[in-house]
Amino acid sequence: MSLKFGIRGHDLVTKSNVDELVKKMKEHDLKYLQLVFPKTFADYSYDSSYVNNVLNKLNEAGIQVKMLGAYFNPVHSDKKVVDSGVNNFISNLDISHLFNACVGSETGSYNDSPWTYVPKNHTEEGYQETLSIFKKLVEHADKIEANISVEAAWGHVIYSPDCLSRFVKDLNSPNVFVTIDLYNLLYPGNFEDRDYIFEKALTTFKDKIKIIHLKDGKIVNGKLVQCAPGKGDFHYSFMIQEILKYCPDATLIFEGVKEDDIDESYSALKTIEKNFSF
């Protein structure tokens with residue numbers, strides 16, 4: 001079984017249309033998609049005619065949406081912002097069955113924007129506040145048999161594989177899955193443990209992993225800096241082996257990778273996969 005490689009739609013087109021998205025996907029020979037309607041499409045809508053037009057054109061091109069991105073900050077200080085994020089997430093859950101896709105989000109920060117680390121993020125208060133919001137989303141997902149995927153990030157409320165494991169258990173639903181993003185789980189203080197952290201995430205969740213985000217990183221002047229896969233210090237040979245071992249059905253999504261770097265990174269990762277597939 002070959003690994004499934006894809007990309008975020010808005011890393012290829014922004015405020016555009018489905019025809020341009022399909023064109024770009026074909027240029028890079030990518031078949032899988034993480035789709036965020038508000039970022040990818042101009043004048044988007046969740047009504048059936050708009051959604052079905054998008055779905056039909058993607059189907060015609062052989063492109064599958066694996067996750068609808070509905071990322072929001074559940075601990076934002078403005079509750080109107082939280083409510084708007086919850087409502088958008090629910091709108092995505094309501095159409096997710098058409099795409100056979102999960103709906104995903106991170107868990108936010110008490111620093112409203114950007115979502116960076118503040119000490120309150122890693123408190124029991126933050127955990128419980130985030131849990132209460134996601135329980136409402138899970139209740140709706142369970143009712144309509146939709147799937148949610150939760151992503152941890154070191155600077156956010158849910159910040160590590162262990163914390164994410166507790167969160168998934170507390171949500172207590174067969175419809176809750178996870179997104180793993182190694183870069184997001186790191187900061188300068190744990191960068192040297194990146195292989196252990198990635199293996200811990202994969203062995204903890206295995207087939208609960210719906211999406212793995214493809215990035216790379218390195219420490220520059222004491223700060224963690226993102227770069228394209230193969231251009232940083234991540235050990236992708238090790239990572240691909242672990243993916244093949246523990247969650248080969250997960251979809252690998254290029255995230256935040258510049259278009260000029262996609263083909264080179266994609267080729268390098270496919271070469272690694274061929275070396276370890278059998």
# chains A, B, ... in the order shown; residues from 1 in each chain; ligands from 1
$ select_by_dssp --residues "region 44-224 of chain A" --states "strand (DSSP E or B)" --output "VMD selection string"
chain A and resid 64 to 69 102 to 105 148 to 151 176 to 180 209 to 214 216 to 220 223 to 224
$ write_last_selection --atoms "C-alpha atoms" --output "tab-separated table (two decimals), in the first residue's frame"
chain	number	residue	atom	x	y	z
A	64	GLN	CA	-10.19	13.29	-2.33
A	65	VAL	CA	-10.73	15.65	0.59
A	66	LYS	CA	-9.39	13.94	3.70
A	67	MET	CA	-9.96	16.77	6.17
A	68	LEU	CA	-12.10	19.88	6.27
A	69	GLY	CA	-10.12	22.43	8.25
A	102	CYS	CA	-13.01	14.41	9.13
A	103	VAL	CA	-13.21	17.97	10.46
A	104	GLY	CA	-10.11	19.25	12.22
A	105	SER	CA	-8.89	21.92	14.62
A	148	ILE	CA	-13.44	15.05	14.41
A	149	SER	CA	-9.64	15.23	14.31
A	150	VAL	CA	-7.82	17.10	17.11
A	151	GLU	CA	-4.29	18.47	16.71
A	176	VAL	CA	-12.66	11.40	17.65
A	177	PHE	CA	-9.34	11.02	15.84
A	178	VAL	CA	-6.04	12.93	15.84
A	179	THR	CA	-3.78	14.96	13.58
A	180	ILE	CA	-0.04	14.68	14.22
A	209	ILE	CA	-4.22	9.14	13.26
A	210	LYS	CA	-6.16	10.58	10.33
A	211	ILE	CA	-3.66	13.23	9.19
A	212	ILE	CA	0.10	13.78	9.50
A	213	HIS	CA	1.35	17.25	8.58
A	214	LEU	CA	4.55	17.38	6.57
A	216	ASP	CA	10.60	20.32	8.59
A	217	GLY	CA	12.40	22.42	11.15
A	218	LYS	CA	15.73	23.55	12.49
A	219	ILE	CA	17.05	25.71	15.29
A	220	VAL	CA	18.39	29.06	14.09
A	223	LYS	CA	14.57	29.71	17.67
A	224	LEU	CA	12.63	26.94	15.96
$ residues_around --residues "Val36 (chain A)" --least-positions-apart "2" --cutoff "10 Å" --atoms "only C-alpha atoms" --output "number ranges by chain"
A: 8-10, 14, 33-34, 38-41, 67-71, 92, 103-104
$ residues_around --residues "Val54 (chain A)" --least-positions-apart "4" --cutoff "7 Å" --atoms "only C-alpha atoms" --output "list in words"
Val18, Tyr50 and Leu58 of chain A
$ residues_around --residues "Glu242 (chain A)" --least-positions-apart "3" --cutoff "9 Å" --atoms "only C-alpha atoms" --output "list of chain:residue names"
A:Phe198, A:Glu199, A:Leu202, A:Thr203, A:Ser237, A:Phe238, A:Met239, A:Lys245, A:Tyr246, A:Cys247, A:Pro248
$ residues_around --residues "Phe167 (chain A)" --least-positions-apart "6" --cutoff "9 Å" --atoms "only C-alpha atoms" --output "short mmCIF file (atom, residue, chain, number, x, y, z; two decimals) with C-alpha atoms, in the first residue's frame"
data_model
loop_
_atom_site.label_atom_id
_atom_site.label_comp_id
_atom_site.auth_asym_id
_atom_site.auth_seq_id
_atom_site.Cartn_x
_atom_site.Cartn_y
_atom_site.Cartn_z
CA TYR A 127 -7.69 21.96 29.70
CA LEU A 131 -12.68 20.08 26.86
CA ILE A 158 -3.38 20.49 24.29
#
$ residues_around --residues "Phe5 (chain A)" --least-positions-apart "5" --cutoff "10 Å" --atoms "only C-alpha atoms" --output "ChimeraX atom specification"
/A:29-33,212-214,250-254,266,269-270
$ select_by_dssp --residues "region 66-265 of chain A" --states "alpha helix (DSSP H)" --output "PyMOL selection string"
chain A and resi 79-99+124-144+161-171+194-205+236-246+259-265
$ write_last_selection --atoms "C-alpha atoms" --output "PDB file, in the first residue's frame"
ATOM      1  CA  LYS A  79     -16.771  34.563  23.345  1.00  0.00           C
ATOM      2  CA  LYS A  80     -18.322  35.827  20.119  1.00  0.00           C
ATOM      3  CA  VAL A  81     -15.155  34.690  18.363  1.00  0.00           C
ATOM      4  CA  VAL A  82     -15.436  31.285  20.061  1.00  0.00           C
ATOM      5  CA  ASP A  83     -19.095  30.982  19.084  1.00  0.00           C
ATOM      6  CA  SER A  84     -18.264  31.860  15.484  1.00  0.00           C
ATOM      7  CA  GLY A  85     -15.556  29.180  15.434  1.00  0.00           C
ATOM      8  CA  VAL A  86     -17.892  26.585  16.940  1.00  0.00           C
ATOM      9  CA  ASN A  87     -20.610  27.402  14.408  1.00  0.00           C
ATOM     10  CA  ASN A  88     -18.170  27.152  11.506  1.00  0.00           C
ATOM     11  CA  PHE A  89     -16.905  23.813  12.840  1.00  0.00           C
ATOM     12  CA  ILE A  90     -20.480  22.499  13.042  1.00  0.00           C
ATOM     13  CA  SER A  91     -21.191  23.702   9.493  1.00  0.00           C
ATOM     14  CA  ASN A  92     -18.195  21.669   8.352  1.00  0.00           C
ATOM     15  CA  LEU A  93     -19.357  18.621  10.316  1.00  0.00           C
ATOM     16  CA  ASP A  94     -22.728  18.888   8.572  1.00  0.00           C
ATOM     17  CA  ILE A  95     -21.153  18.605   5.105  1.00  0.00           C
ATOM     18  CA  SER A  96     -18.298  16.241   6.005  1.00  0.00           C
ATOM     19  CA  HIS A  97     -20.245  13.100   5.059  1.00  0.00           C
ATOM     20  CA  LEU A  98     -20.350  14.300   1.447  1.00  0.00           C
ATOM     21  CA  PHE A  99     -16.552  14.231   1.312  1.00  0.00           C
ATOM     22  CA  GLU A 124      -5.941  22.396  34.276  1.00  0.00           C
ATOM     23  CA  GLU A 125      -8.245  25.386  33.863  1.00  0.00           C
ATOM     24  CA  GLY A 126      -7.281  25.682  30.206  1.00  0.00           C
ATOM     25  CA  TYR A 127      -7.688  21.961  29.699  1.00  0.00           C
ATOM     26  CA  GLN A 128     -11.175  21.877  31.198  1.00  0.00           C
ATOM     27  CA  GLU A 129     -12.352  24.961  29.285  1.00  0.00           C
ATOM     28  CA  THR A 130     -11.182  23.450  25.997  1.00  0.00           C
ATOM     29  CA  LEU A 131     -12.681  20.077  26.864  1.00  0.00           C
ATOM     30  CA  SER A 132     -16.088  21.637  27.515  1.00  0.00           C
ATOM     31  CA  ILE A 133     -16.121  23.282  24.070  1.00  0.00           C
ATOM     32  CA  PHE A 134     -15.010  20.136  22.256  1.00  0.00           C
ATOM     33  CA  LYS A 135     -17.544  17.995  24.108  1.00  0.00           C
ATOM     34  CA  LYS A 136     -20.276  20.070  22.455  1.00  0.00           C
ATOM     35  CA  LEU A 137     -18.697  19.459  19.064  1.00  0.00           C
ATOM     36  CA  VAL A 138     -18.345  15.747  19.751  1.00  0.00           C
ATOM     37  CA  GLU A 139     -21.985  15.550  20.831  1.00  0.00           C
ATOM     38  CA  HIS A 140     -23.006  16.937  17.435  1.00  0.00           C
ATOM     39  CA  ALA A 141     -20.522  14.698  15.604  1.00  0.00           C
ATOM     40  CA  ASP A 142     -21.851  11.612  17.381  1.00  0.00           C
ATOM     41  CA  LYS A 143     -25.427  12.570  16.521  1.00  0.00           C
ATOM     42  CA  ILE A 144     -24.728  12.792  12.780  1.00  0.00           C
ATOM     43  CA  PRO A 161       1.083  13.300  22.925  1.00  0.00           C
ATOM     44  CA  ASP A 162       0.261  12.488  26.571  1.00  0.00           C
ATOM     45  CA  CYS A 163      -2.014  15.502  26.952  1.00  0.00           C
ATOM     46  CA  LEU A 164      -3.717  14.686  23.638  1.00  0.00           C
ATOM     47  CA  SER A 165      -4.203  11.082  24.752  1.00  0.00           C
ATOM     48  CA  ARG A 166      -5.945  12.253  27.927  1.00  0.00           C
ATOM     49  CA  PHE A 167      -8.091  14.627  25.861  1.00  0.00           C
ATOM     50  CA  VAL A 168      -9.192  11.906  23.444  1.00  0.00           C
ATOM     51  CA  LYS A 169     -10.051   9.582  26.333  1.00  0.00           C
ATOM     52  CA  ASP A 170     -12.062  12.323  28.066  1.00  0.00           C
ATOM     53  CA  LEU A 171     -13.987  13.066  24.872  1.00  0.00           C
ATOM     54  CA  ARG A 194      12.039  15.007  18.117  1.00  0.00           C
ATOM     55  CA  ASP A 195      12.414  11.344  17.114  1.00  0.00           C
ATOM     56  CA  TYR A 196      11.185  10.164  20.511  1.00  0.00           C
ATOM     57  CA  ILE A 197       8.239  12.585  20.415  1.00  0.00           C
ATOM     58  CA  PHE A 198       7.214  11.468  16.925  1.00  0.00           C
ATOM     59  CA  GLU A 199       7.479   7.785  17.837  1.00  0.00           C
ATOM     60  CA  LYS A 200       5.527   8.418  21.051  1.00  0.00           C
ATOM     61  CA  ALA A 201       2.742  10.088  19.075  1.00  0.00           C
ATOM     62  CA  LEU A 202       2.520   7.274  16.533  1.00  0.00           C
ATOM     63  CA  THR A 203       2.687   4.420  19.040  1.00  0.00           C
ATOM     64  CA  THR A 204       0.099   6.127  21.246  1.00  0.00           C
ATOM     65  CA  PHE A 205      -2.513   6.705  18.550  1.00  0.00           C
ATOM     66  CA  TYR A 236      12.431  11.759   7.519  1.00  0.00           C
ATOM     67  CA  SER A 237      13.878   8.315   6.823  1.00  0.00           C
ATOM     68  CA  PHE A 238      13.047   7.383  10.416  1.00  0.00           C
ATOM     69  CA  MET A 239       9.676   9.152  10.261  1.00  0.00           C
ATOM     70  CA  ILE A 240       8.541   7.409   7.066  1.00  0.00           C
ATOM     71  CA  GLN A 241       9.524   4.040   8.542  1.00  0.00           C
ATOM     72  CA  GLU A 242       7.446   4.786  11.640  1.00  0.00           C
ATOM     73  CA  ILE A 243       4.461   5.868   9.553  1.00  0.00           C
ATOM     74  CA  LEU A 244       4.635   2.693   7.472  1.00  0.00           C
ATOM     75  CA  LYS A 245       4.813   0.647  10.682  1.00  0.00           C
ATOM     76  CA  TYR A 246       2.098   2.275  12.793  1.00  0.00           C
ATOM     77  CA  GLU A 259       4.822  25.940  -3.847  1.00  0.00           C
ATOM     78  CA  ASP A 260       8.361  26.177  -5.245  1.00  0.00           C
ATOM     79  CA  ASP A 261       9.476  23.542  -2.708  1.00  0.00           C
ATOM     80  CA  ILE A 262       6.595  21.069  -3.062  1.00  0.00           C
ATOM     81  CA  ASP A 263       7.856  18.973  -5.968  1.00  0.00           C
ATOM     82  CA  GLU A 264      11.367  18.580  -4.540  1.00  0.00           C
ATOM     83  CA  SER A 265      10.050  17.608  -1.104  1.00  0.00           C
TER      84      SER A 265
END
